[in-house]
>>> print(open('start12.csv').read())   # CSV, C-alpha atoms
chain,number,residue,atom,x,y,z
R,10,MET,CA,-47.7,-33.7,-67.8
R,11,ALA,CA,-48.4,-36.9,-65.8
R,12,TYR,CA,-51.6,-38.8,-65.3
R,13,TRP,CA,-53.1,-40.2,-62.2
R,14,LEU,CA,-56.2,-42.0,-60.8
R,15,VAL,CA,-57.8,-41.3,-57.4
R,16,LYS,CA,-60.5,-43.4,-55.8
R,17,SER,CA,-63.5,-42.0,-53.9
R,18,GLU,CA,-66.5,-43.9,-52.5
R,19,PRO,CA,-69.5,-42.2,-54.2
R,20,ASP,CA,-71.5,-42.3,-51.0
R,21,THR,CA,-68.7,-40.5,-49.2
R,22,TYR,CA,-67.6,-38.0,-51.9
R,23,SER,CA,-69.1,-38.4,-55.4
R,24,TRP,CA,-68.1,-36.9,-58.7
R,25,ASP,CA,-71.3,-34.8,-58.6
R,26,LYS,CA,-70.5,-33.4,-55.2
R,27,PHE,CA,-66.9,-32.6,-56.4
R,28,VAL,CA,-68.3,-30.7,-59.4
R,29,ALA,CA,-70.7,-28.8,-57.1
R,30,ASP,CA,-67.8,-27.9,-54.8
R,31,LYS,CA,-65.7,-26.8,-57.7
R,32,GLN,CA,-62.5,-27.8,-55.9
R,33,THR,CA,-61.4,-30.1,-53.1
R,34,MET,CA,-58.5,-30.9,-50.9
R,35,TRP,CA,-57.6,-34.6,-51.4
R,36,ASP,CA,-56.9,-35.5,-47.7
R,37,GLY,CA,-56.9,-38.5,-45.5
R,38,VAL,CA,-54.4,-40.5,-47.5
R,39,ARG,CA,-52.6,-42.8,-45.0
R,40,ASN,CA,-50.7,-45.2,-47.3
R,41,TYR,CA,-47.0,-44.4,-48.1
R,42,ALA,CA,-47.2,-45.4,-51.8
R,43,ALA,CA,-50.4,-43.3,-52.3
R,44,ARG,CA,-48.7,-40.4,-50.4
R,45,ASN,CA,-45.6,-40.6,-52.6
R,46,ASN,CA,-48.0,-40.4,-55.6
R,47,LEU,CA,-49.6,-37.2,-54.2
R,48,LYS,CA,-46.1,-35.8,-53.7
R,49,ALA,CA,-45.3,-36.5,-57.4
R,50,MET,CA,-48.4,-34.7,-58.7
R,51,LYS,CA,-47.8,-31.4,-60.5
R,52,LYS,CA,-50.2,-28.5,-61.1
R,53,GLY,CA,-52.1,-29.2,-64.3
R,54,ASP,CA,-51.7,-33.0,-64.2
R,55,GLU,CA,-54.9,-34.8,-65.1
R,56,VAL,CA,-56.5,-37.2,-62.7
R,57,LEU,CA,-59.1,-40.0,-63.4
R,58,TRP,CA,-61.9,-39.9,-60.8
R,59,TYR,CA,-62.8,-43.5,-59.9
R,60,HIS,CA,-65.9,-44.4,-57.9
R,61,SER,CA,-64.9,-47.3,-55.6
R,62,ASN,CA,-67.1,-49.7,-53.7
R,63,GLU,CA,-70.2,-48.6,-55.5
R,64,GLY,CA,-70.2,-48.2,-59.3
R,65,LEU,CA,-66.6,-49.3,-59.7
R,66,GLU,CA,-66.1,-47.0,-62.6
R,67,ILE,CA,-64.1,-44.1,-63.9
R,68,VAL,CA,-66.5,-41.2,-64.1
R,69,GLY,CA,-64.5,-38.0,-64.6
R,70,ILE,CA,-61.3,-36.2,-65.1
R,71,ALA,CA,-59.9,-33.7,-62.5
R,72,LYS,CA,-56.8,-31.5,-62.6
R,73,VAL,CA,-54.3,-30.8,-59.9
R,74,ALA,CA,-55.0,-27.3,-58.8
R,75,LYS,CA,-52.3,-27.1,-56.0
R,76,GLU,CA,-49.3,-29.3,-55.5
R,77,HIS,CA,-48.8,-31.2,-52.2
R,78,TYR,CA,-48.7,-29.5,-48.8
R,79,GLN,CA,-49.1,-30.7,-45.2
R,80,ASP,CA,-52.4,-32.5,-44.5
R,81,PRO,CA,-54.2,-30.2,-42.2
R,82,THR,CA,-56.3,-33.1,-40.8
R,83,THR,CA,-53.2,-34.4,-38.9
R,84,ASP,CA,-50.2,-33.2,-37.0
R,85,ASP,CA,-48.1,-35.9,-38.5
R,86,GLU,CA,-45.8,-34.3,-41.0
R,87,ALA,CA,-45.6,-37.5,-43.0
R,88,TRP,CA,-48.9,-36.9,-44.7
R,89,VAL,CA,-49.8,-34.5,-47.5
R,90,VAL,CA,-52.7,-33.4,-49.6
R,91,VAL,CA,-53.2,-31.9,-53.1
R,92,ASP,CA,-56.0,-29.7,-54.3
R,93,LEU,CA,-58.1,-31.0,-57.2
R,94,LYS,CA,-60.6,-29.3,-59.4
R,95,PRO,CA,-63.1,-30.9,-61.8
R,96,PHE,CA,-62.2,-30.8,-65.5
R,97,LYS,CA,-64.5,-33.0,-67.6
R,98,LYS,CA,-67.1,-35.8,-67.1
R,99,ILE,CA,-66.3,-39.0,-68.9
R,100,LYS,CA,-68.9,-39.4,-71.7
R,101,LYS,CA,-69.3,-43.2,-71.1
R,102,PRO,CA,-68.1,-44.3,-67.6
R,103,VAL,CA,-65.4,-47.0,-67.8
R,104,ASN,CA,-66.1,-49.7,-65.3
R,105,LEU,CA,-63.6,-52.1,-63.7
R,106,GLU,CA,-64.8,-55.1,-65.7
R,107,GLN,CA,-64.0,-53.2,-69.0
R,108,VAL,CA,-60.6,-52.3,-67.7
R,109,LYS,CA,-59.8,-55.9,-66.6
R,110,ALA,CA,-61.1,-57.3,-69.9
R,111,ASP,CA,-58.9,-55.1,-72.0
R,112,LYS,CA,-55.6,-56.9,-72.5
R,113,ARG,CA,-53.8,-53.6,-73.1
R,114,LEU,CA,-54.6,-52.6,-69.5
R,115,THR,CA,-53.2,-55.8,-67.8
R,116,ASN,CA,-50.4,-53.8,-66.1
R,117,MET,CA,-52.6,-50.8,-65.0
R,118,ALA,CA,-52.3,-50.1,-61.3
R,119,LEU,CA,-56.1,-50.3,-61.0
R,120,VAL,CA,-55.8,-54.0,-62.0
R,121,ARG,CA,-52.6,-54.8,-60.2
R,122,LEU,CA,-52.8,-52.7,-57.1
R,123,GLY,CA,-56.6,-52.7,-56.5
R,124,ARG,CA,-56.5,-51.2,-53.0
R,125,LEU,CA,-54.1,-48.2,-53.7
R,126,SER,CA,-56.2,-45.0,-53.5
R,127,VAL,CA,-53.8,-42.7,-55.5
R,128,GLN,CA,-52.2,-44.3,-58.6
R,129,PRO,CA,-50.1,-43.4,-61.6
R,130,VAL,CA,-51.6,-43.9,-65.0
R,131,THR,CA,-49.2,-44.2,-68.0
R,132,ASP,CA,-49.7,-42.2,-71.2
R,133,GLU,CA,-50.8,-45.4,-73.1
R,134,GLU,CA,-53.3,-46.4,-70.3
R,135,TRP,CA,-54.7,-42.8,-70.4
R,136,LYS,CA,-55.3,-43.0,-74.2
R,137,ILE,CA,-57.0,-46.4,-73.8
R,138,ILE,CA,-59.3,-45.1,-71.0
R,139,MET,CA,-60.2,-42.0,-73.1
R,140,GLU,CA,-61.0,-44.3,-76.0
R,141,LEU,CA,-63.2,-46.6,-73.8
R,142,GLY,CA,-64.9,-43.5,-72.3
R,143,GLY,CA,-65.8,-42.0,-75.6
R,144,MET,CA,-63.4,-39.1,-75.1
R,145,GLY,CA,-61.5,-39.7,-78.3
>>> encode(input="start12.csv", output="structure tokens")
Amino acid sequence: MAYWLVKSEPDTYSWDKFVADKQTMWDGVRNYAARNNLKAMKKGDEVLWYHSNEGLEIVGIAKVAKEHYQDPTTDDEAWVVVDLKPFKKIKKPVNLEQVKADKRLTNMALVRLGRLSVQPVTDEEWKIIMELGGMG
């Protein structure tokens, strides 16, 4: 199993809205690196849900419910989506300041590639985020 992080602006699509919807199609990705990450996702992979712009914190864990397929919001075959479903809320949201302050997370994509909307998370980074989020 691999781990990932997706970013969503809470005023556009919040964790609470996602939970209420029970599943969502992760569409609108128009960055090649983020698209390649979507293509690498496998059913059952776990995904950190990060509130960007407002909050700047990891608030939940989703799971990949359906692997990549053509993004129905565009005719351009270059773009894909995955389906995500909520799995667990993070007990203590992990904010960006905490991530940046933790020397063990210096190489995390969230720190190095701040604008990338779909990112890989290493096994070690996942363990640290779970620890910081009270999910141990």
>>> closest_residue(input="start12.csv", among="R:Met117, R:Gly143, R:Tyr78, R:Trp88", to="Lys100 of chain R", atoms="all atoms listed in the file")
R:Gly143
>>> closest_residue(input="start12.csv", among="R:Leu114, R:Val127, R:Val28, R:Ala11", to="Gly69 of chain R", atoms="only C-alpha atoms")
R:Val28
>>> residues_around(input="start12.csv", residues="Thr83 of chain R", least_positions_apart="5", cutoff="10 Å", atoms="all atoms listed in the file", output="short mmCIF file (atom, residue, chain, number, x, y, z; two decimals) with C-alpha atoms, keeping the file's coordinate frame")
data_model
loop_
_atom_site.label_atom_id
_atom_site.label_comp_id
_atom_site.auth_asym_id
_atom_site.auth_seq_id
_atom_site.Cartn_x
_atom_site.Cartn_y
_atom_site.Cartn_z
CA ASP R 36 -56.90 -35.50 -47.70
CA GLY R 37 -56.90 -38.50 -45.50
CA TRP R 88 -48.90 -36.90 -44.70
CA VAL R 89 -49.80 -34.50 -47.50
#
>>> closest_residue(input="start12.csv", among="R:Leu57, R:Ala87, R:Leu65, R:Ala74", to="Met34 of chain R", atoms="only C-alpha atoms")
R:Ala74
>>> closest_residue(input="start12.csv", among="R:Leu105, R:Leu93, R:Leu122, R:Ala43", to="His60 of chain R", atoms="only C-alpha atoms")
R:Leu105
>>> closest_residue(input="start12.csv", among="R:Thr131, R:Pro19, R:Met144, R:Asp92", to="Glu63 of chain R", atoms="only C-alpha atoms")
R:Pro19
>>> closest_residue(input="start12.csv", among="R:Lys72, R:Tyr59, R:Pro95, R:Gly53", to="Leu119 of chain R", atoms="only C-alpha atoms")
R:Tyr59
>>> atom_distance(input="start12.csv", atom1="atom CA of Ala110 of chain R", atom2="atom CA of Ile138 of chain R")
12.4 Å
>>> residues_around(input="start12.csv", residues="Val108 of chain R", least_positions_apart="5", cutoff="12 Å", atoms="all atoms listed in the file", output="list in words")
Tyr59, Leu65, Glu66, Ile67, Pro102, Val103, Arg113, Leu114, Thr115, Asn116, Met117, Ala118, Leu119, Val120, Arg121, Gly123, Glu134, Trp135, Ile137, Ile138, Met139, Glu140, Leu141 and Gly142 of chain R
>>> atom_distance(input="start12.csv", atom1="atom CA of Ala29 of chain R", atom2="atom CA of Leu125 of chain R")
25.8 Å
>>> residues_near_point(input="start12.csv", point="(-43.8, -37.5, -57.0)", cutoff="12 Å", atoms="only C-alpha atoms", output="count of residues only")
23
>>> atom_distance(input="start12.csv", atom1="atom CA of Asp20 of chain R", atom2="atom CA of Gln32 of chain R")
17.8 Å
>>> residues_around(input="start12.csv", residues="Ser17 of chain R", least_positions_apart="6", cutoff="9 Å", atoms="only C-alpha atoms", output="PyMOL selection string")
chain R and resi 23-24+58-62+126
>>> axis_aligned_box(input="start12.csv", around="segment 52-64 of chain R", padding_each_side="8 Å", output="lines of an AutoDock Vina configuration file")
center_x = -60.2
center_y = -39.1
center_z = -59.4
size_x = 36.0
size_y = 37.2
size_z = 27.4
>>> build_atoms(input="start12.csv", residues="segment 63-95 of chain R", atoms="N, CA and C atoms", output="tab-separated table (two decimals), in the frame of the given file")
chain	number	residue	atom	x	y	z
R	63	GLU	N	-68.97	-48.64	-54.75
R	63	GLU	CA	-70.20	-48.60	-55.50
R	63	GLU	C	-69.91	-48.07	-56.89
R	64	GLY	N	-70.42	-48.72	-57.91
R	64	GLY	CA	-70.20	-48.20	-59.30
R	64	GLY	C	-68.96	-48.85	-59.89
R	65	LEU	N	-67.84	-48.82	-59.18
R	65	LEU	CA	-66.60	-49.30	-59.70
R	65	LEU	C	-66.31	-48.88	-61.10
R	66	GLU	N	-66.27	-47.54	-61.27
R	66	GLU	CA	-66.10	-47.00	-62.60
R	66	GLU	C	-65.39	-45.65	-62.59
R	67	ILE	N	-64.69	-45.37	-63.68
R	67	ILE	CA	-64.10	-44.10	-63.90
R	67	ILE	C	-65.14	-43.16	-64.44
R	68	VAL	N	-65.40	-42.05	-63.75
R	68	VAL	CA	-66.50	-41.20	-64.10
R	68	VAL	C	-66.15	-39.79	-64.56
R	69	GLY	N	-64.90	-39.37	-64.24
R	69	GLY	CA	-64.50	-38.00	-64.60
R	69	GLY	C	-63.04	-37.79	-64.62
R	70	ILE	N	-62.69	-36.57	-65.03
R	70	ILE	CA	-61.30	-36.20	-65.10
R	70	ILE	C	-61.17	-34.87	-64.25
R	71	ALA	N	-60.21	-34.88	-63.34
R	71	ALA	CA	-59.90	-33.70	-62.50
R	71	ALA	C	-58.52	-33.20	-62.95
R	72	LYS	N	-58.19	-32.02	-62.45
R	72	LYS	CA	-56.80	-31.50	-62.60
R	72	LYS	C	-56.27	-31.12	-61.29
R	73	VAL	N	-54.96	-31.26	-61.15
R	73	VAL	CA	-54.30	-30.80	-59.90
R	73	VAL	C	-54.26	-29.31	-59.94
R	74	ALA	N	-54.88	-28.71	-58.93
R	74	ALA	CA	-55.00	-27.30	-58.80
R	74	ALA	C	-53.84	-26.70	-57.93
R	75	LYS	N	-53.40	-27.51	-56.95
R	75	LYS	CA	-52.30	-27.10	-56.00
R	75	LYS	C	-51.51	-28.32	-55.68
R	76	GLU	N	-50.19	-28.18	-55.79
R	76	GLU	CA	-49.30	-29.30	-55.50
R	76	GLU	C	-49.28	-29.57	-53.97
R	77	HIS	N	-48.67	-30.67	-53.60
R	77	HIS	CA	-48.80	-31.20	-52.20
R	77	HIS	C	-48.32	-30.20	-51.16
R	78	TYR	N	-49.04	-30.30	-50.04
R	78	TYR	CA	-48.70	-29.50	-48.80
R	78	TYR	C	-49.19	-30.34	-47.62
R	79	GLN	N	-48.79	-29.93	-46.44
R	79	GLN	CA	-49.10	-30.70	-45.20
R	79	GLN	C	-50.60	-30.91	-45.08
R	80	ASP	N	-50.98	-32.15	-44.76
R	80	ASP	CA	-52.40	-32.50	-44.50
R	80	ASP	C	-52.86	-31.84	-43.25
R	81	PRO	N	-53.79	-30.87	-43.35
R	81	PRO	CA	-54.20	-30.20	-42.20
R	81	PRO	C	-55.11	-31.02	-41.21
R	82	THR	N	-55.47	-32.23	-41.64
R	82	THR	CA	-56.30	-33.10	-40.80
R	82	THR	C	-55.46	-33.90	-39.80
R	83	THR	N	-54.12	-33.73	-39.85
R	83	THR	CA	-53.20	-34.40	-38.90
R	83	THR	C	-52.03	-33.60	-38.57
R	84	ASP	N	-51.47	-33.84	-37.40
R	84	ASP	CA	-50.20	-33.20	-37.00
R	84	ASP	C	-49.00	-33.91	-37.50
R	85	ASP	N	-49.21	-35.13	-38.00
R	85	ASP	CA	-48.10	-35.90	-38.50
R	85	ASP	C	-47.60	-35.39	-39.82
R	86	GLU	N	-46.36	-34.93	-39.83
R	86	GLU	CA	-45.80	-34.30	-41.00
R	86	GLU	C	-45.57	-35.24	-42.19
R	87	ALA	N	-45.76	-36.52	-41.96
R	87	ALA	CA	-45.60	-37.50	-43.00
R	87	ALA	C	-46.63	-37.43	-44.11
R	88	TRP	N	-47.77	-36.84	-43.77
R	88	TRP	CA	-48.90	-36.90	-44.70
R	88	TRP	C	-49.20	-35.59	-45.36
R	89	VAL	N	-49.54	-35.69	-46.65
R	89	VAL	CA	-49.80	-34.50	-47.50
R	89	VAL	C	-51.10	-34.59	-48.21
R	90	VAL	N	-51.50	-33.47	-48.77
R	90	VAL	CA	-52.70	-33.40	-49.60
R	90	VAL	C	-52.35	-32.65	-50.89
R	91	VAL	N	-53.24	-32.74	-51.87
R	91	VAL	CA	-53.20	-31.90	-53.10
R	91	VAL	C	-54.60	-31.33	-53.22
R	92	ASP	N	-54.72	-30.24	-53.97
R	92	ASP	CA	-56.00	-29.70	-54.30
R	92	ASP	C	-56.36	-30.13	-55.73
R	93	LEU	N	-57.59	-30.61	-55.92
R	93	LEU	CA	-58.10	-31.00	-57.20
R	93	LEU	C	-59.27	-30.19	-57.63
R	94	LYS	N	-59.42	-29.98	-58.93
R	94	LYS	CA	-60.60	-29.30	-59.40
R	94	LYS	C	-61.18	-30.14	-60.59
R	95	PRO	N	-62.50	-30.17	-60.73
R	95	PRO	CA	-63.10	-30.90	-61.80
R	95	PRO	C	-62.73	-30.35	-63.17
